[in-house]
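Content type compact mmCIF, C-alpha atoms and all ligand atoms, from the file structure_36.txt:
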```
# COMPACT_ATOMS: atom_id res chain seq x y z
CA MET A 31 -17.06 -30.10 -14.41
CA LYS A 32 -14.19 -32.17 -15.59
CA PRO A 33 -12.63 -34.17 -12.80
CA SER A 34 -9.49 -32.48 -11.73
CA PRO A 35 -6.31 -34.45 -11.25
CA ARG A 36 -5.19 -31.86 -8.78
CA LEU A 37 -4.73 -32.30 -5.14
CA CYS A 38 -5.12 -29.33 -2.99
CA LEU A 39 -3.59 -28.64 0.28
CA ILE A 40 -5.18 -26.70 3.02
CA PRO A 41 -3.38 -24.88 5.77
CA ALA A 42 -5.72 -26.19 8.40
CA ALA A 43 -4.49 -25.43 11.85
CA VAL A 44 -4.68 -28.96 13.07
CA ALA A 45 -3.66 -27.93 16.50
CA ALA A 46 -3.52 -29.39 19.92
CA ALA A 47 -3.93 -32.98 18.91
CA LEU A 48 -0.23 -33.33 18.46
CA THR A 49 1.29 -34.12 21.77
CA ALA A 50 4.53 -32.53 22.72
CA ALA A 51 5.58 -35.58 24.64
CA ALA A 52 5.48 -37.61 21.49
CA ALA A 53 7.45 -35.15 19.45
CA ALA A 54 10.71 -36.30 18.01
CA PRO A 55 13.56 -33.96 18.68
CA ALA A 56 14.08 -31.83 15.61
CA PRO A 57 17.22 -32.76 13.78
CA ALA A 58 19.92 -30.16 13.99
CA ALA A 59 19.84 -27.87 11.00
CA ASP A 60 23.30 -28.79 9.91
CA GLU A 61 23.09 -32.47 10.63
CA PRO A 62 24.59 -34.14 7.59
CA GLU A 63 22.35 -37.21 7.77
CA ARG A 64 18.64 -37.71 8.18
CA ARG A 65 17.30 -41.12 8.99
CA VAL A 66 13.74 -41.82 7.95
CA GLN A 67 11.67 -44.42 9.77
CA VAL A 68 8.36 -45.56 8.29
CA ALA A 69 5.84 -47.31 10.51
CA MET A 70 2.89 -49.28 9.21
CA VAL A 71 0.10 -49.01 11.75
CA ASN A 72 -2.95 -51.19 12.47
CA PHE A 73 -5.92 -49.88 14.43
CA THR A 74 -8.19 -52.05 16.55
CA ASP A 75 -10.95 -51.72 13.99
CA SER A 76 -9.02 -51.22 10.77
CA ARG A 77 -5.97 -53.04 9.53
CA ILE A 78 -3.62 -52.87 6.60
CA PRO A 79 -4.96 -55.59 4.32
CA ASP A 80 -1.72 -56.81 2.75
CA ALA A 81 1.26 -55.62 4.75
CA GLY A 82 3.79 -57.45 2.61
CA LYS A 83 2.59 -55.77 -0.52
CA LEU A 84 2.43 -52.39 1.17
CA GLU A 85 5.94 -52.78 2.57
CA THR A 86 7.30 -53.38 -0.92
CA ALA A 87 5.55 -50.27 -2.21
CA LEU A 88 6.76 -48.18 0.73
CA LYS A 89 10.36 -49.23 0.16
CA ASP A 90 10.02 -47.86 -3.36
CA ASN A 91 8.21 -44.70 -2.28
CA TYR A 92 10.57 -43.76 0.52
CA PHE A 93 13.89 -45.37 -0.27
CA GLY A 94 14.02 -46.36 -3.93
CA ALA A 95 17.26 -45.53 -5.71
CA THR A 96 15.30 -43.27 -8.03
CA GLY A 97 11.88 -41.71 -7.88
CA SER A 98 11.64 -41.84 -4.10
CA LEU A 99 11.42 -39.44 -1.20
CA THR A 100 15.06 -39.95 -0.29
CA SER A 101 16.33 -39.80 -3.86
CA TYR A 102 14.46 -36.51 -4.32
CA TYR A 103 15.98 -34.91 -1.25
CA ASN A 104 19.43 -36.33 -1.88
CA GLU A 105 19.25 -34.80 -5.33
CA VAL A 106 18.04 -31.35 -4.32
CA THR A 107 20.35 -31.02 -1.34
CA GLY A 108 23.25 -31.99 -3.55
CA GLY A 109 24.82 -34.14 -0.89
CA ALA A 110 24.71 -31.46 1.80
CA THR A 111 22.59 -33.93 3.76
CA THR A 112 22.19 -37.64 3.20
CA PHE A 113 18.70 -39.06 3.48
CA LYS A 114 18.52 -42.72 4.24
CA ALA A 115 16.45 -45.47 5.78
CA ALA A 116 16.71 -45.73 9.55
CA GLY A 117 17.85 -49.08 10.88
CA ASP A 118 17.97 -51.95 8.42
CA ASP A 119 15.44 -50.97 5.83
CA GLY A 120 13.49 -48.11 7.37
CA ILE A 121 10.15 -49.91 7.38
CA ALA A 122 8.66 -51.17 10.64
CA GLY A 123 5.45 -52.95 11.49
CA PRO A 124 2.68 -53.28 11.07
CA VAL A 125 2.41 -52.39 14.73
CA ASP A 126 -0.93 -52.82 16.47
CA ILE A 127 -1.98 -49.81 18.49
CA ASP A 128 -4.81 -49.79 21.00
CA LEU A 129 -6.85 -47.18 19.21
CA ALA A 130 -9.85 -47.18 16.93
CA ALA A 131 -9.29 -45.64 13.52
CA THR A 132 -12.47 -43.64 13.72
CA GLY A 133 -11.81 -40.04 14.62
CA CYS A 134 -8.35 -39.88 13.10
CA ASP A 135 -6.65 -38.94 16.35
CA THR A 136 -3.30 -37.81 15.02
CA GLY A 137 -1.76 -37.22 18.43
CA LYS A 138 -2.62 -40.69 19.69
CA ILE A 139 -1.59 -42.37 16.46
CA ASN A 140 1.81 -40.74 16.82
CA ASP A 141 2.20 -41.36 20.55
CA LEU A 142 1.03 -44.98 20.55
CA THR A 143 3.07 -45.87 17.49
CA ARG A 144 6.26 -44.44 18.96
CA LYS A 145 5.65 -46.47 22.11
CA ALA A 146 4.94 -49.61 20.11
CA LEU A 147 8.12 -49.10 18.12
CA ALA A 148 10.16 -48.54 21.27
CA ALA A 149 8.77 -51.78 22.67
CA LYS A 150 10.09 -53.52 19.57
CA GLY A 151 13.52 -51.99 20.08
CA VAL A 152 13.13 -49.14 17.57
CA SER A 153 13.94 -46.20 19.78
CA GLU A 154 13.47 -42.54 18.97
CA ASP A 155 17.24 -42.18 18.95
CA SER A 156 17.42 -44.31 15.85
CA TYR A 157 15.50 -41.98 13.54
CA ASP A 158 15.09 -38.28 12.73
CA HIS A 159 11.79 -38.56 10.88
CA LEU A 160 8.88 -40.86 11.59
CA SER A 161 6.29 -41.36 8.86
CA LEU A 162 3.07 -42.98 10.04
CA VAL A 163 1.33 -45.04 7.38
CA PHE A 164 -2.11 -46.32 8.30
CA PRO A 165 -5.32 -47.42 6.59
CA SER A 166 -7.51 -44.47 5.70
CA GLU A 167 -10.68 -46.45 5.32
CA LYS A 168 -12.24 -45.93 8.73
CA ALA A 169 -10.00 -43.17 10.03
CA GLY A 170 -11.91 -40.52 8.12
CA CYS A 171 -9.09 -37.97 8.27
CA ASP A 172 -10.20 -34.90 6.38
CA TRP A 173 -6.80 -34.45 4.77
CA LEU A 174 -4.68 -36.48 2.43
CA ALA A 175 -1.46 -36.09 4.36
CA LEU A 176 -0.11 -34.18 7.31
CA GLY A 177 3.27 -33.02 8.51
CA THR A 178 4.59 -31.06 11.45
CA VAL A 179 6.32 -27.79 10.65
CA GLY A 180 9.70 -28.50 12.10
CA GLY A 181 9.95 -31.66 14.12
CA GLY A 182 9.87 -34.90 12.26
CA THR A 183 6.44 -36.45 12.01
CA THR A 184 4.29 -37.12 8.96
CA TRP A 185 0.95 -38.88 8.73
CA MET A 186 0.20 -40.68 5.47
CA PRO A 187 -3.19 -42.43 5.34
CA ILE A 188 -3.27 -45.17 2.73
CA GLY A 189 -6.29 -46.23 0.73
CA ALA A 190 -7.20 -49.73 -0.30
CA ASP A 191 -5.03 -49.47 -3.40
CA GLY A 192 -1.97 -48.82 -1.24
CA LYS A 193 -0.93 -45.88 -3.36
CA MET A 194 0.66 -42.73 -2.04
CA SER A 195 0.93 -39.29 -3.60
CA MET A 196 4.64 -38.65 -3.95
CA THR A 197 4.04 -34.92 -4.21
CA ALA A 198 2.16 -35.04 -0.92
CA LEU A 199 4.94 -37.07 0.71
CA VAL A 200 7.70 -34.74 -0.49
CA HIS A 201 5.57 -31.75 0.53
CA GLU A 202 4.93 -33.00 4.07
CA PHE A 203 8.62 -33.65 4.60
CA GLY A 204 9.16 -30.07 3.45
CA HIS A 205 7.01 -28.99 6.39
CA ASN A 206 9.20 -31.15 8.63
CA PHE A 207 12.16 -29.11 7.43
CA GLY A 208 10.34 -25.98 8.57
CA TYR A 209 8.97 -24.69 5.30
CA SER A 210 5.74 -22.77 5.06
CA HIS A 211 3.58 -22.94 2.00
CA HIS A 212 5.21 -21.07 -0.83
CA MET A 213 3.23 -18.12 -2.13
CA ARG A 214 3.52 -15.58 -4.88
CA LEU A 215 3.68 -11.83 -4.41
CA ARG A 216 2.51 -9.79 -7.33
CA CYS A 217 4.62 -6.66 -7.56
CA PRO A 218 3.64 -4.86 -10.77
CA ASP A 219 6.62 -3.39 -12.59
CA GLY A 220 8.97 -4.80 -9.98
CA ASP A 221 8.12 -2.17 -7.40
CA LEU A 222 8.92 -3.77 -4.08
CA GLY A 223 7.55 -0.88 -2.07
CA GLU A 224 3.99 -0.83 -0.86
CA GLY A 225 2.34 -2.28 -3.89
CA CYS A 226 2.93 -6.02 -3.65
CA GLU A 227 -0.01 -8.31 -3.08
CA GLU A 228 -0.12 -11.99 -2.34
CA ASP A 229 -1.75 -13.92 -5.14
CA GLY A 230 -1.77 -17.70 -5.18
CA THR A 231 1.18 -20.01 -5.04
CA SER A 232 4.61 -19.75 -6.61
CA HIS A 233 4.76 -23.04 -8.58
CA LYS A 234 8.49 -23.09 -7.93
CA THR A 235 8.64 -25.78 -5.24
CA PRO A 236 6.64 -28.74 -3.96
CA MET A 237 5.63 -26.36 -1.16
CA GLY A 238 3.87 -24.06 -3.61
CA GLY A 239 2.05 -26.12 -6.21
CA GLY A 240 5.11 -27.03 -8.23
CA GLY A 241 4.77 -30.73 -7.52
CA TRP A 242 7.77 -32.89 -6.82
CA GLU A 243 8.85 -32.26 -10.41
CA ALA A 244 10.20 -28.99 -9.08
CA GLY A 245 13.27 -28.64 -6.91
CA LEU A 246 13.20 -26.55 -3.77
CA THR A 247 13.68 -22.80 -4.06
CA SER A 248 17.01 -21.29 -3.08
CA PRO A 249 15.57 -19.69 0.08
CA GLU A 250 14.32 -23.12 1.16
CA LEU A 251 17.79 -24.56 0.57
CA LEU A 252 19.28 -21.64 2.49
CA HIS A 253 16.97 -22.25 5.43
CA ASN A 254 18.50 -25.67 5.98
CA LYS A 255 22.01 -24.61 5.04
CA TRP A 256 21.90 -26.82 2.00
CA LEU A 257 23.70 -24.11 0.07
CA THR A 258 27.02 -23.25 1.52
CA GLY A 259 30.27 -21.46 0.96
CA GLY A 260 30.73 -20.27 -2.57
CA GLU A 261 27.26 -21.40 -3.60
CA VAL A 262 25.80 -18.32 -1.98
CA ALA A 263 26.87 -14.78 -2.72
CA LYS A 264 25.86 -12.39 -0.03
CA ALA A 265 25.48 -9.04 -1.72
CA ASP A 266 26.50 -6.57 0.92
CA LYS A 267 27.53 -3.89 -1.52
CA SER A 268 26.80 -2.83 -5.04
CA ALA A 269 28.19 -5.25 -7.59
CA THR A 270 27.30 -7.41 -10.55
CA TYR A 271 26.99 -11.12 -9.95
CA THR A 272 26.97 -14.17 -12.16
CA LEU A 273 24.60 -17.00 -11.32
CA ARG A 274 24.67 -20.55 -12.55
CA PRO A 275 21.59 -22.77 -12.36
CA LEU A 276 20.48 -23.74 -8.88
CA TYR A 277 20.64 -27.47 -9.67
CA GLY A 278 23.25 -29.39 -11.53
CA LYS A 279 26.92 -30.08 -11.24
CA GLY A 280 29.72 -27.60 -11.20
CA SER A 281 30.79 -24.70 -9.13
CA GLY A 282 29.76 -21.11 -8.95
CA VAL A 283 27.18 -18.97 -7.28
CA ARG A 284 23.77 -20.60 -7.10
CA ALA A 285 21.92 -17.98 -5.10
CA LEU A 286 22.32 -14.29 -4.56
CA ASP A 287 21.29 -13.06 -1.12
CA ILE A 288 20.58 -9.33 -0.94
CA PRO A 289 19.62 -7.18 2.06
CA LEU A 290 16.31 -5.33 1.77
CA GLY A 291 15.70 -3.47 5.00
CA ASP A 292 14.73 -6.08 7.58
CA ASP A 293 13.90 -8.48 4.77
CA ARG A 294 16.11 -10.10 2.22
CA LEU A 295 15.86 -10.66 -1.49
CA VAL A 296 17.16 -13.91 -2.93
CA VAL A 297 17.74 -14.32 -6.67
CA GLU A 298 18.31 -17.63 -8.45
CA LEU A 299 18.48 -19.14 -11.93
CA ARG A 300 16.53 -22.34 -12.52
CA HIS A 301 17.16 -24.79 -15.32
CA GLU A 302 16.30 -28.44 -15.85
CA SER A 303 18.73 -30.77 -14.14
CA GLY A 304 18.46 -34.45 -13.32
CA THR A 305 14.87 -35.15 -12.39
CA VAL A 306 13.91 -31.63 -11.34
CA ASP A 307 13.01 -28.26 -12.81
CA GLY A 308 11.88 -29.43 -16.23
CA GLU A 309 9.26 -26.71 -16.00
CA VAL A 310 10.87 -24.22 -13.70
CA GLN A 311 13.07 -22.08 -15.86
CA GLY A 312 14.74 -18.74 -15.71
CA VAL A 313 15.66 -16.11 -13.16
CA HIS A 314 13.42 -15.76 -10.12
CA ALA A 315 13.50 -13.54 -7.10
CA TYR A 316 12.07 -14.15 -3.65
CA ARG A 317 11.27 -11.92 -0.74
CA VAL A 318 12.39 -13.30 2.61
CA PRO A 319 10.45 -11.68 5.45
CA ASP A 320 12.63 -10.77 8.43
CA GLY A 321 15.35 -13.06 7.19
CA ASP A 322 13.19 -16.16 7.67
CA TYR A 323 14.13 -18.23 4.65
CA ALA A 324 11.42 -20.80 5.40
CA LYS A 325 8.77 -18.19 4.65
CA SER A 326 9.93 -16.70 1.38
CA ALA A 327 7.58 -15.79 -1.47
CA LEU A 328 8.09 -15.44 -5.20
CA ILE A 329 8.17 -11.92 -6.55
CA ASP A 330 6.20 -11.80 -9.76
CA PRO A 331 6.53 -8.47 -11.57
CA THR A 332 4.28 -9.51 -14.46
CA PRO A 333 1.83 -6.68 -15.00
CA ASP A 334 -1.06 -8.87 -16.10
CA ALA A 335 -2.19 -11.57 -13.70
CA ASP A 336 -3.56 -13.69 -16.51
CA GLU A 337 -0.20 -13.91 -18.18
CA SER A 338 1.57 -15.11 -15.12
CA THR A 339 1.89 -18.46 -13.45
CA GLY A 340 -1.39 -18.92 -11.67
CA GLY A 341 -3.41 -21.40 -13.64
CA ASP A 342 -1.88 -23.12 -16.58
CA ALA A 343 0.40 -20.47 -18.01
CA PRO A 344 3.92 -21.67 -18.82
CA ALA A 345 5.81 -22.09 -15.60
CA ASP A 346 8.47 -19.62 -16.63
CA ALA A 347 6.05 -16.88 -17.67
CA ASP A 348 6.96 -15.00 -14.53
CA ALA A 349 10.71 -15.40 -14.93
CA LEU A 350 12.75 -12.21 -14.90
CA LYS A 351 14.00 -11.49 -18.41
CA ALA A 352 17.09 -9.50 -19.30
CA GLY A 353 16.35 -5.90 -18.50
CA ALA A 354 13.88 -6.71 -15.72
CA LYS A 355 14.27 -4.54 -12.64
CA LEU A 356 13.13 -4.90 -9.09
CA SER A 357 13.41 -1.82 -6.94
CA ASP A 358 12.59 -0.47 -3.54
CA GLU A 359 12.97 3.27 -3.52
CA ALA A 360 12.76 3.70 0.23
CA GLN A 361 15.40 1.07 0.87
CA LYS A 362 17.52 2.31 -2.04
CA VAL A 363 17.80 -1.19 -3.45
CA GLU A 364 17.71 -1.93 -7.15
CA VAL A 365 18.25 -5.29 -8.78
CA GLU A 366 18.52 -5.59 -12.54
CA VAL A 367 18.82 -8.78 -14.54
CA THR A 368 21.35 -7.98 -17.22
CA LYS A 369 21.51 -11.42 -18.74
CA ALA A 370 19.12 -14.33 -18.41
CA GLY A 371 20.53 -17.31 -20.26
CA ALA A 372 19.71 -20.95 -19.70
CA GLU A 373 23.15 -21.71 -18.30
CA SER A 374 24.04 -18.46 -16.64
CA ALA A 375 22.57 -15.15 -15.62
CA THR A 376 24.02 -11.88 -14.49
CA VAL A 377 22.40 -9.65 -11.95
CA ARG A 378 23.38 -6.10 -11.11
CA VAL A 379 22.72 -5.11 -7.52
CA SER A 380 22.71 -1.49 -6.40
CA LEU A 381 22.54 -0.79 -2.68
CA ASP A 382 22.27 2.55 -0.91
CA GLY A 383 21.82 4.23 -4.25
CA VAL A 384 25.32 3.31 -5.36
CA ALA A 385 25.37 2.13 -8.94
CA ALA A 386 26.98 -1.23 -9.43
CA ALA A 387 30.13 -1.15 -11.42
CA ALA A 388 30.16 -3.16 -14.59
CA PRO A 389 31.51 -6.64 -13.95
CA ALA A 390 35.02 -5.40 -14.19
CA LYS A 391 37.43 -7.97 -15.49
CA ALA A 392 35.41 -11.06 -14.87
CA PRO A 393 34.60 -12.42 -18.29
CA GLU A 394 31.09 -13.55 -19.01
CA PRO A 395 30.78 -17.25 -19.55
CA THR A 396 30.07 -18.04 -23.14
CA LYS A 397 26.75 -19.44 -24.16
CA SER A 398 28.20 -22.75 -25.14
CA GLU A 399 29.75 -23.31 -21.77
CA PRO A 400 28.32 -26.37 -20.10
CA ALA A 401 26.11 -25.99 -17.09
CA GLY A 402 27.95 -25.35 -13.92
CA ALA A 403 31.29 -24.74 -15.55
CA ALA A 404 30.30 -21.13 -15.30
CA ASN A 405 32.97 -18.79 -14.28
CA ASP A 406 33.94 -18.77 -10.72
CA ALA A 407 34.61 -15.10 -10.69
CA ARG A 408 33.46 -13.68 -7.45
CA PRO A 409 32.20 -10.17 -7.37
CA GLU A 410 33.96 -7.73 -5.17
CA GLY A 411 32.84 -7.86 -1.65
CA SER A 412 31.60 -11.38 -1.74
CA SER A 413 33.21 -13.94 0.40
CA ASN A 414 33.48 -17.64 0.11
CA ASP A 415 32.34 -18.31 3.59
CA ALA A 416 29.44 -15.95 3.42
CA ARG A 417 26.53 -17.41 5.28
CA PRO A 418 23.03 -16.12 5.34
CA GLU A 419 22.02 -14.66 8.60
CA GLY A 420 19.66 -16.34 10.89
CA SER A 421 19.59 -19.74 9.35
CA SER A 422 21.72 -21.66 11.76
CA THR A 423 19.29 -22.81 14.36
CA GLU A 424 15.92 -22.04 12.93
CA LEU A 425 14.95 -25.55 12.22
CA ALA A 426 15.63 -26.79 15.69
CA GLU A 427 13.85 -23.85 17.21
CA THR A 428 10.91 -24.26 14.93
CA GLY A 429 10.64 -27.87 15.87
CA GLY A 430 9.96 -27.12 19.49
CA ASP A 431 6.80 -25.15 19.54
CA SER A 432 5.41 -25.94 16.19
CA GLU A 433 5.24 -29.62 16.84
CA THR A 434 2.33 -28.86 19.11
CA THR A 435 0.76 -25.95 17.40
CA LEU A 436 1.23 -26.00 13.70
CA ALA A 437 0.57 -28.52 11.06
CA TYR A 438 -0.66 -28.54 7.55
CA SER A 439 -3.03 -30.91 5.95
CA VAL A 440 -3.65 -31.92 2.43
CA GLY A 441 -6.76 -32.83 0.69
CA GLY A 442 -10.38 -33.38 0.51
CA GLY A 443 -13.04 -31.79 2.55
CA LEU A 444 -11.95 -28.23 2.85
CA LEU A 445 -10.80 -27.82 -0.69
CA LEU A 446 -13.72 -25.88 -1.98
CA ALA A 447 -13.99 -23.75 1.10
CA PHE A 448 -10.51 -22.39 0.75
CA GLY A 449 -9.51 -23.13 -2.78
CA GLY A 450 -5.87 -23.15 -1.84
CA ALA A 451 -3.75 -25.25 -4.15
CA PHE A 452 -0.36 -26.04 -2.78
CA LEU A 453 -0.09 -29.40 -4.42
CA LEU A 454 -0.83 -29.11 -8.04
CA LYS A 455 1.27 -31.23 -10.25
CA SER A 456 1.17 -34.88 -9.67
CA ARG A 457 1.82 -36.32 -13.03
CA THR A 458 4.62 -38.73 -13.55
CA ARG A 459 8.02 -37.34 -12.91
CA LYS A 460 10.53 -37.58 -15.64
CA ALA A 461 12.77 -40.53 -15.22
CA ALA A 462 16.27 -39.41 -14.54
CA THR A 463 18.83 -41.69 -16.02
CA SER A 464 17.51 -44.76 -14.41
CA ALA A 465 16.10 -47.92 -15.77
CA SER A 466 13.47 -47.68 -13.11
CA PRO A 467 10.26 -49.20 -14.41
CA ALA A 468 7.28 -46.95 -14.59
CA SER A 469 5.55 -48.20 -11.55
CA GLY A 470 2.66 -47.52 -9.27
CA ARG A 471 4.78 -45.37 -7.10
CA HIS A 472 4.05 -42.46 -9.32
CA SER A 473 0.55 -42.49 -8.13
CA ARG A 474 -0.85 -40.23 -10.80
ZN ZN A 501 1.26 -28.18 3.27
```
Target format structure tokens, applied to this file:
Amino acid sequence: MKPSPRLCLIPAAVAAALTAAAAAPAPAADEPERRVQVAMVNFTDSRIPDAGKLETALKDNYFGATGSLTSYYNEVTGGATTFKAAGDDGIAGPVDIDLAATGCDTGKINDLTRKALAAKGVSEDSYDHLSLVFPSEKAGCDWLALGTVGGGTTWMPIGADGKMSMTALVHEFGHNFGYSHHMRLRCPDGDLGEGCEEDGTSHKTPMGGGGWEAGLTSPELLHNKWLTGGEVAKADKSATYTLRPLYGKGSGVRALDIPLGDDRLVVELRHESGTVDGEVQGVHAYRVPDGDYAKSALIDPTPDADESTGGDAPADADALKAGAKLSDEAQKVEVEVTKAGAESATVRVSLDGVAAAAPAKAPEPTKSEPAGAANDARPEGSSNDARPEGSSTELAETGGDSETTLAYSVGGGLLLAFGGAFLLKSRTRKAATSASPASGRHSR
């Protein structure tokens, strides 16, 4: 078998070990700034061999102007939240904790490191996220990386080469923001009734095998209120809506949020922008169970599983083409893509069996119109301050309990047992517009 470059991520319920006392308070969902503190950690029996070298690499990985954790999230949140280094440069340590590496005691690593940092004057008030970087050699953790769902802690074991998987890092921070793994629902012929079945991951986000080459999905952005005001059209009555790509400059509707019984349906258009979405193209729809945007799943209406995302099919094979319909007869909801261009899409939404009127007087943007300049025409019934329901305090609430009960791990030992692949792509990200040298920070 050919060695696979893929990393797989396992939803292991690494419970209990995470101590509530050591949990950082979850940042408020609408907090405009998130400060990231990295701590290099030495065990009694295992130490970081070259802390100076590692510190340099970590500055690049976490805080580099391009190709870093913070540049990724600053890009995808479009300035709705600013990610930055806590304190002076965000890197602390190495701190020595009174714990042997063996056994990989995540709760104690977290607790003792926070205490050691506090003793050095780095208090928990000074950061929103703490990322624990420690030598993997003797720790024997059976995952590649770990993050609390909600809360603000990540564990990143480092091998002798000092390299870190950027996809894993971005993914674990996604868990910190409250996101679940991102799955795909196969709904043949777009029937949203009883027939949908979960089948693999969505490939539309770092939370679902898309790698950090992909942006976040619109439901994920909605969960953290990183789409606001006119960027979201809440479809509360039948109308036709124009979407512009989820990422990129300009104004216009970036996500369409549609009621579907107790659930919601979110529709977006993806197109390459900056460093993200080179391979995530076209119109996609997501089902949001009970209005919980952190738990959405891609709706894939492709009749034949082999032609859809899954394995190595083109990433946009499951995109909704013009003419594609999603419908739920019982809920009397029908969504039809009437145009699926690279720069804009139109979507007709019919609720309660009422046919959507044609997009009255709002002219369609022309094909040559640059991205984001798309028309600002708002469909009837939409409102500029429309906010999705239920997203205001979820993150904070999630942070409470889940810090102690839920975590996800990435990597090694359990891979074959479960076969889950939440982290697939890890090849080098496209350089944006930077002169950033191709460096070791793109670990694969
Ligand atoms: Zn995960």
Worksheet item: Given the choices A:Met70, A:Val179, A:Ala148, A:Cys134, which gets closest to Gly120 (chain A) if the distance is worked out from all atoms listed in the file?
Response: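 Counting all atoms listed in the file, the residue closest to Gly120 (chain A) is A:Met70.
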Fill in: Shell of 10 Å around Glu202 (chain A), all atoms listed in the file, local chain residues under 3 positions omitted, as a PyMOL selection string
chain A and resi 161+175-179+182-186+196-199+205-209+236-237+437-440
Residues from the last selection, C-alpha atoms, saved as a PDB file, in the coordinates of the input:
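selection_36.pdb, written as the output of this step:
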```
ATOM      1  CA  SER A 161       6.290 -41.360   8.860  1.00  0.00           C
ATOM      2  CA  ALA A 175      -1.460 -36.090   4.360  1.00  0.00           C
ATOM      3  CA  LEU A 176      -0.110 -34.180   7.310  1.00  0.00           C
ATOM      4  CA  GLY A 177       3.270 -33.020   8.510  1.00  0.00           C
ATOM      5  CA  THR A 178       4.590 -31.060  11.450  1.00  0.00           C
ATOM      6  CA  VAL A 179       6.320 -27.790  10.650  1.00  0.00           C
ATOM      7  CA  GLY A 182       9.870 -34.900  12.260  1.00  0.00           C
ATOM      8  CA  THR A 183       6.440 -36.450  12.010  1.00  0.00           C
ATOM      9  CA  THR A 184       4.290 -37.120   8.960  1.00  0.00           C
ATOM     10  CA  TRP A 185       0.950 -38.880   8.730  1.00  0.00           C
ATOM     11  CA  MET A 186       0.200 -40.680   5.470  1.00  0.00           C
ATOM     12  CA  MET A 196       4.640 -38.650  -3.950  1.00  0.00           C
ATOM     13  CA  THR A 197       4.040 -34.920  -4.210  1.00  0.00           C
ATOM     14  CA  ALA A 198       2.160 -35.040  -0.920  1.00  0.00           C
ATOM     15  CA  LEU A 199       4.940 -37.070   0.710  1.00  0.00           C
ATOM     16  CA  HIS A 205       7.010 -28.990   6.390  1.00  0.00           C
ATOM     17  CA  ASN A 206       9.200 -31.150   8.630  1.00  0.00           C
ATOM     18  CA  PHE A 207      12.160 -29.110   7.430  1.00  0.00           C
ATOM     19  CA  GLY A 208      10.340 -25.980   8.570  1.00  0.00           C
ATOM     20  CA  TYR A 209       8.970 -24.690   5.300  1.00  0.00           C
ATOM     21  CA  PRO A 236       6.640 -28.740  -3.960  1.00  0.00           C
ATOM     22  CA  MET A 237       5.630 -26.360  -1.160  1.00  0.00           C
ATOM     23  CA  ALA A 437       0.570 -28.520  11.060  1.00  0.00           C
ATOM     24  CA  TYR A 438      -0.660 -28.540   7.550  1.00  0.00           C
ATOM     25  CA  SER A 439      -3.030 -30.910   5.950  1.00  0.00           C
ATOM     26  CA  VAL A 440      -3.650 -31.920   2.430  1.00  0.00           C
TER      27      VAL A 440
END
```
Taking 4 positions as the minimum chain separation for residues in the same chain, which residues sit within 10 Å of Gly278 (chain A) when counting all atoms listed in the file? Answer as a short mmCIF file (atom, residue, chain, number, x, y, z; two decimals) with C-alpha atoms, in the coordinates of the input.
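Saved to part.cif:
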```
data_model
loop_
_atom_site.label_atom_id
_atom_site.label_comp_id
_atom_site.auth_asym_id
_atom_site.auth_seq_id
_atom_site.Cartn_x
_atom_site.Cartn_y
_atom_site.Cartn_z
CA GLU A 105 19.25 -34.80 -5.33
CA VAL A 106 18.04 -31.35 -4.32
CA GLY A 108 23.25 -31.99 -3.55
CA ARG A 274 24.67 -20.55 -12.55
CA ARG A 284 23.77 -20.60 -7.10
CA ARG A 300 16.53 -22.34 -12.52
CA HIS A 301 17.16 -24.79 -15.32
CA GLU A 302 16.30 -28.44 -15.85
CA SER A 303 18.73 -30.77 -14.14
CA GLY A 304 18.46 -34.45 -13.32
CA VAL A 306 13.91 -31.63 -11.34
CA ALA A 401 26.11 -25.99 -17.09
CA GLY A 402 27.95 -25.35 -13.92
#
```
Item to complete: Please indicate the distance in Å from CA of Lys114 (chain A) to CA of Glu154 (chain A), rounded to one decimal place.
Response: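 Going from CA of Lys114 (chain A) over to CA of Glu154 (chain A) covers 15.6 Å.
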Write out as JSON lines a residue-level contact list of region 275-305 of chain A versus region 351-372 of chain A with cut-off 10 Å: for each qualifying residue the closest pair of atoms and the distance in Å to one decimal, counting only C-alpha atoms, rows sorted by chain and residue number upward.
```
{"residue": "A:Pro275", "atom": "CA", "partner": "A:Ala372", "partner_atom": "CA", "distance": 7.8}
{"residue": "A:Ile288", "atom": "CA", "partner": "A:Val363", "partner_atom": "CA", "distance": 9.0}
{"residue": "A:Pro289", "atom": "CA", "partner": "A:Val363", "partner_atom": "CA", "distance": 8.3}
{"residue": "A:Leu290", "atom": "CA", "partner": "A:Gln361", "partner_atom": "CA", "distance": 6.5}
{"residue": "A:Gly291", "atom": "CA", "partner": "A:Gln361", "partner_atom": "CA", "distance": 6.1}
{"residue": "A:Asp292", "atom": "CA", "partner": "A:Gln361", "partner_atom": "CA", "distance": 9.8}
{"residue": "A:Leu295", "atom": "CA", "partner": "A:Val365", "partner_atom": "CA", "distance": 9.4}
{"residue": "A:Val297", "atom": "CA", "partner": "A:Val365", "partner_atom": "CA", "distance": 9.3}
{"residue": "A:Leu299", "atom": "CA", "partner": "A:Ala372", "partner_atom": "CA", "distance": 8.1}
{"residue": "A:Arg300", "atom": "CA", "partner": "A:Ala372", "partner_atom": "CA", "distance": 8.0}
{"residue": "A:His301", "atom": "CA", "partner": "A:Ala372", "partner_atom": "CA", "distance": 6.4}
{"residue": "A:Glu302", "atom": "CA", "partner": "A:Ala372", "partner_atom": "CA", "distance": 9.1}
```
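Residue nearest ligand ZN 501 (chain A) within the list A:Leu147, A:Ile127, A:Val200, A:Val68: A:Val200 [criterion: smallest interatomic distance, all atoms listed in the file].
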